[in-house]
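Report on the structure given below.
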Protein chains: 2
Amino acid sequence: MSTGNPLEPTDRAILRELAVDGRCSFTDLAERVGLSVSAVHQRVRRLEQRGVLRGYAARLDGEQIGLPLTAFISLTPFDPAAPDDYPQRLEHLPQIEACYSVAGDESYILRVRVSSPAGLEELLRQIRESANVSTRTTVVLSTPFEDRPPAV
Amino acid sequence: MSTGNPLEPTDRAILRELAVDGRCSFTDLAERVGLSVSAVHQRVRRLEQRGVLRGYAARLDGEQIGLPLTAFISLTPFDPAAPDDYPQRLEHLPQIEACYSVAGDESYILRVRVSSPAGLEELLRQIRESANVSTRTTVVLSTPFEDRPPAV
DNA sequence: ACTGAAATTTTTAGAAG
DNA sequence: CTTCTAAAAATTTCAGT
């Protein structure tokens, strides 16, 4: 499995702009990367088809949408012989924003977002029930920065 | 410190749609939430001004942009008396996508993205040098899911 | 706060160099 | 890749309810 063809500098420039402003118009984009609108349009379509550009998402303020509490939850299976279908067992819980399979003492790290400590407690109960795992939780106190554009 | 006014159902619907498809047109948005285009436009503007909507970002494929290696790095200060300016000391490193201040044994958790193990090694060196901390690194093997829309 | 309409800009596709 | 063309669609503003 390769990581795909290396990206051209122009494509990288386009991705950088769209990572910062996903709603940037083709007109602005063209100006910023120094290409015609048609050319940019063509390139963005190609990047979408190749799967390099996987979509666009709004950045929401966790506090203002009523989900002020973020936490990381590390999972350790109780039964080492159990089939590894933890992600499938957990994806029905919308509070889980991300699920990473990791090397180390624990098997998975989840990033979750809830409305309150009570909500976190309830979520932990659901996770243990759904996946038969022990959990270790690290509460986020503040987020100095997040969602920075990758160094494409 | 409040978490802001509770959101109206219509605003929540708009945010849900934009979280999934950040480039959704106002026309489509209006149809999906059952309002006129003008009304939706007005509400989106207001959500942006209130800071609930903090922007829009392209979702990029880490592998295809040449950054196939993700890791979590936990930081522990060497000097407990040192001023807590770690985020400022680290923000110049573009490989760091997110920085969380956390409760627990460690002080910060970073989510980073690099091109290779060598890149990770180099980044760890830079982090220790910039922030005078000890590090604990957890390498991500795979990402079953990420960037799921929050349960607004 | 929403609707509907009008004016402007953008998107999208295609032709030709 | 560029420029040009042109129709369709989206954005944006504004008067009216």
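Chains: A, B, ... in order of the structure tokens. Residues: from 1 per chain. Ligands: from 1, in order shown.
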Please, which residues of chain A lie no more than 8 Å from chain B when the count uses only C-alpha atoms, and can they be set out as number ranges by chain?
A: 3-7, 15, 18-23, 51-61, 63-68, 87, 94-104, 113, 138-152
Those residues with C-alpha atoms, as a tab-separated table (two decimals), in the first residue's frame please?
```
chain	number	residue	atom	x	y	z
A	3	THR	CA	0.82	6.65	0.24
A	4	GLY	CA	-0.14	7.82	-3.25
A	5	ASN	CA	1.74	9.87	-5.77
A	6	PRO	CA	3.66	12.76	-4.33
A	7	LEU	CA	1.74	16.01	-4.71
A	15	LEU	CA	-4.90	21.99	-0.31
A	18	LEU	CA	-8.75	24.79	1.45
A	19	ALA	CA	-7.51	23.43	4.78
A	20	VAL	CA	-7.61	26.97	6.16
A	21	ASP	CA	-10.79	28.10	4.39
A	22	GLY	CA	-12.86	25.22	3.09
A	23	ARG	CA	-15.49	27.55	1.61
A	51	GLY	CA	-9.57	10.98	-2.45
A	52	VAL	CA	-6.89	13.42	-1.34
A	53	LEU	CA	-9.68	15.90	-0.64
A	54	ARG	CA	-12.13	13.88	1.39
A	55	GLY	CA	-14.71	16.57	2.06
A	56	TYR	CA	-15.35	19.78	3.91
A	57	ALA	CA	-16.48	20.36	7.49
A	58	ALA	CA	-17.61	23.33	9.54
A	59	ARG	CA	-15.51	24.09	12.61
A	60	LEU	CA	-17.87	24.42	15.58
A	61	ASP	CA	-17.22	25.91	19.00
A	63	GLU	CA	-18.68	25.32	24.32
A	64	GLN	CA	-21.28	27.19	22.34
A	65	ILE	CA	-22.88	24.06	20.96
A	66	GLY	CA	-23.39	22.79	24.48
A	67	LEU	CA	-20.54	20.27	24.55
A	68	PRO	CA	-17.93	21.99	26.73
A	87	PRO	CA	-14.67	0.41	16.55
A	94	PRO	CA	-22.18	10.02	18.73
A	95	GLN	CA	-20.22	11.51	21.62
A	96	ILE	CA	-17.15	9.71	20.26
A	97	GLU	CA	-15.62	12.02	17.68
A	98	ALA	CA	-12.54	9.97	16.87
A	99	CYS	CA	-11.23	6.46	17.43
A	100	TYR	CA	-7.55	5.61	17.04
A	101	SER	CA	-6.00	2.16	17.16
A	102	VAL	CA	-2.67	2.61	18.91
A	103	ALA	CA	0.57	0.87	19.83
A	104	GLY	CA	1.35	0.72	23.53
A	113	ARG	CA	-17.16	15.41	23.64
A	138	THR	CA	-7.97	12.02	30.69
A	139	VAL	CA	-10.06	15.17	30.94
A	140	VAL	CA	-9.16	18.15	28.74
A	141	LEU	CA	-8.95	21.38	30.74
A	142	SER	CA	-8.42	23.72	27.81
A	143	THR	CA	-7.45	23.58	24.16
A	144	PRO	CA	-4.67	26.05	23.29
A	145	PHE	CA	-5.02	25.05	19.66
A	146	GLU	CA	-6.77	22.42	17.57
A	147	ASP	CA	-7.50	21.62	13.95
A	148	ARG	CA	-4.45	23.41	12.65
A	149	PRO	CA	-4.00	22.89	8.94
A	150	PRO	CA	-1.60	20.02	8.26
A	151	ALA	CA	1.83	20.92	6.93
A	152	VAL	CA	0.91	19.77	3.42
```
Neighbours of chain C in chain B at 9 Å, counting only C-alpha atoms (C1' of nucleotides), as a CSV table (one decimal) with C-alpha atoms, in the first residue's frame:
```
chain,number,residue,atom,x,y,z
B,35,LEU,CA,-36.5,27.6,5.5
B,36,SER,CA,-36.1,30.2,2.8
B,38,SER,CA,-32.6,34.4,2.9
B,39,ALA,CA,-33.5,33.1,6.4
```
Alpha helix (DSSP H) positions in stretch 74-109 of chain B, given as an MDAnalysis selection string:
chainID B and resid 86:90
Could you write out that same residue set with C-alpha atoms as a JSON list (two decimals), in the first residue's frame?
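Result file selection_19.json:
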```json
[["chain", "number", "residue", "atom", "x", "y", "z"],
["B", 86, "TYR", "CA", 4.23, 25.48, 26.59],
["B", 87, "PRO", "CA", 1.62, 26.07, 23.88],
["B", 88, "GLN", "CA", 3.36, 29.27, 22.80],
["B", 89, "ARG", "CA", 6.68, 27.47, 22.79],
["B", 90, "LEU", "CA", 5.31, 24.75, 20.54]]
```
List every residue of stretch 24-132 of chain B that DSSP, applied to the backbone of this structure, places in strand (DSSP E), and write the result as number ranges by chain.
B: 53-60, 69-77, 96-102, 108-114
For chain D, list the residues within 10 Å of chain A, counting only C-alpha atoms (C1' of nucleotides), and write the list as an NGL selection string.
:D and (1-3)
File dump, residues just selected, N, CA and C atoms (P, O5', C5', C4', C3', O3' and C1' of nucleotides), as a compact mmCIF listing (two decimals), in the first residue's frame:
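The new file selection_30.txt reads:
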```txt
# COMPACT_ATOMS: atom_id res chain seq x y z
P DC D 1 -3.62 22.17 -15.30
O5' DC D 1 -3.34 23.68 -15.76
C5' DC D 1 -2.07 24.23 -15.54
C4' DC D 1 -1.67 25.04 -16.75
C3' DC D 1 -2.61 26.18 -17.07
O3' DC D 1 -2.30 27.31 -16.28
C1' DC D 1 -2.01 25.00 -19.06
P DT D 2 -3.43 28.35 -15.96
O5' DT D 2 -3.66 29.09 -17.34
C5' DT D 2 -2.59 29.78 -17.98
C4' DT D 2 -3.04 30.27 -19.33
C3' DT D 2 -4.31 31.09 -19.29
O3' DT D 2 -3.98 32.47 -19.21
C1' DT D 2 -4.42 29.43 -21.03
P DT D 3 -5.08 33.51 -18.74
O5' DT D 3 -6.03 33.63 -20.02
C5' DT D 3 -5.51 34.04 -21.28
C4' DT D 3 -6.60 33.91 -22.33
C3' DT D 3 -7.85 34.71 -21.98
O3' DT D 3 -8.18 35.56 -23.06
C1' DT D 3 -8.41 32.46 -22.55
```
List as a short mmCIF file (atom, residue, chain, number, x, y, z; two decimals) with all heavy atoms, in the first residue's frame the protein and nucleic acid residues near B:Val40, meaning an atom at most 9 Å away when only C-alpha atoms (C1' of nucleotides) are counted, but skip any in the same chain fewer than 6 places from it.
```
data_model
loop_
_atom_site.label_atom_id
_atom_site.label_comp_id
_atom_site.auth_asym_id
_atom_site.auth_seq_id
_atom_site.Cartn_x
_atom_site.Cartn_y
_atom_site.Cartn_z
N ASP B 11 -31.14 26.33 14.28
CA ASP B 11 -29.70 26.56 14.23
C ASP B 11 -28.94 25.25 14.38
O ASP B 11 -27.95 25.01 13.69
CB ASP B 11 -29.28 27.54 15.33
CG ASP B 11 -29.63 28.98 14.97
OD1 ASP B 11 -29.73 29.28 13.78
OD2 ASP B 11 -29.78 29.80 15.90
N ILE B 14 -28.95 23.47 11.12
CA ILE B 14 -28.00 24.08 10.18
C ILE B 14 -26.58 23.63 10.49
O ILE B 14 -25.83 23.24 9.61
CB ILE B 14 -28.11 25.62 10.24
CG1 ILE B 14 -29.44 26.08 9.63
CG2 ILE B 14 -26.94 26.27 9.52
CD1 ILE B 14 -29.72 27.56 9.79
N PHE B 26 -26.33 27.43 0.26
CA PHE B 26 -27.45 27.94 1.04
C PHE B 26 -28.77 27.40 0.48
O PHE B 26 -29.73 27.21 1.21
CB PHE B 26 -27.45 29.46 1.02
CG PHE B 26 -26.33 30.06 1.82
CD1 PHE B 26 -25.23 30.61 1.20
CD2 PHE B 26 -26.37 30.05 3.20
CE1 PHE B 26 -24.19 31.14 1.94
CE2 PHE B 26 -25.35 30.58 3.95
CZ PHE B 26 -24.25 31.13 3.32
N THR B 27 -28.78 27.20 -0.82
CA THR B 27 -29.98 26.65 -1.45
C THR B 27 -30.31 25.27 -0.89
O THR B 27 -31.43 25.01 -0.45
CB THR B 27 -29.77 26.57 -2.97
OG1 THR B 27 -29.28 27.84 -3.44
CG2 THR B 27 -31.05 26.23 -3.68
N LEU B 29 -29.07 23.92 1.83
CA LEU B 29 -29.24 24.06 3.27
C LEU B 29 -30.68 24.48 3.58
O LEU B 29 -31.34 23.92 4.47
CB LEU B 29 -28.26 25.12 3.77
CG LEU B 29 -27.74 25.03 5.20
CD1 LEU B 29 -27.28 23.62 5.52
CD2 LEU B 29 -26.59 26.01 5.37
N ALA B 30 -31.17 25.45 2.82
CA ALA B 30 -32.52 25.96 3.03
C ALA B 30 -33.55 24.84 2.85
O ALA B 30 -34.47 24.68 3.65
CB ALA B 30 -32.80 27.10 2.06
N VAL B 33 -33.37 22.27 5.87
CA VAL B 33 -33.88 22.67 7.18
C VAL B 33 -35.27 23.30 7.07
O VAL B 33 -35.85 23.68 8.09
CB VAL B 33 -32.92 23.65 7.89
CG1 VAL B 33 -31.52 23.04 8.00
CG2 VAL B 33 -32.87 24.99 7.19
#
```
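We find atom CA of A:Leu69 and atom CA of A:Pro117 to be spaced 7.5 Å apart.
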Any idea what the distance is between atom CA of A:Ser116 and atom CA of A:Val133?
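Atom-to-atom, atom CA of A:Ser116 to atom CA of A:Val133, that is 22.3 Å.
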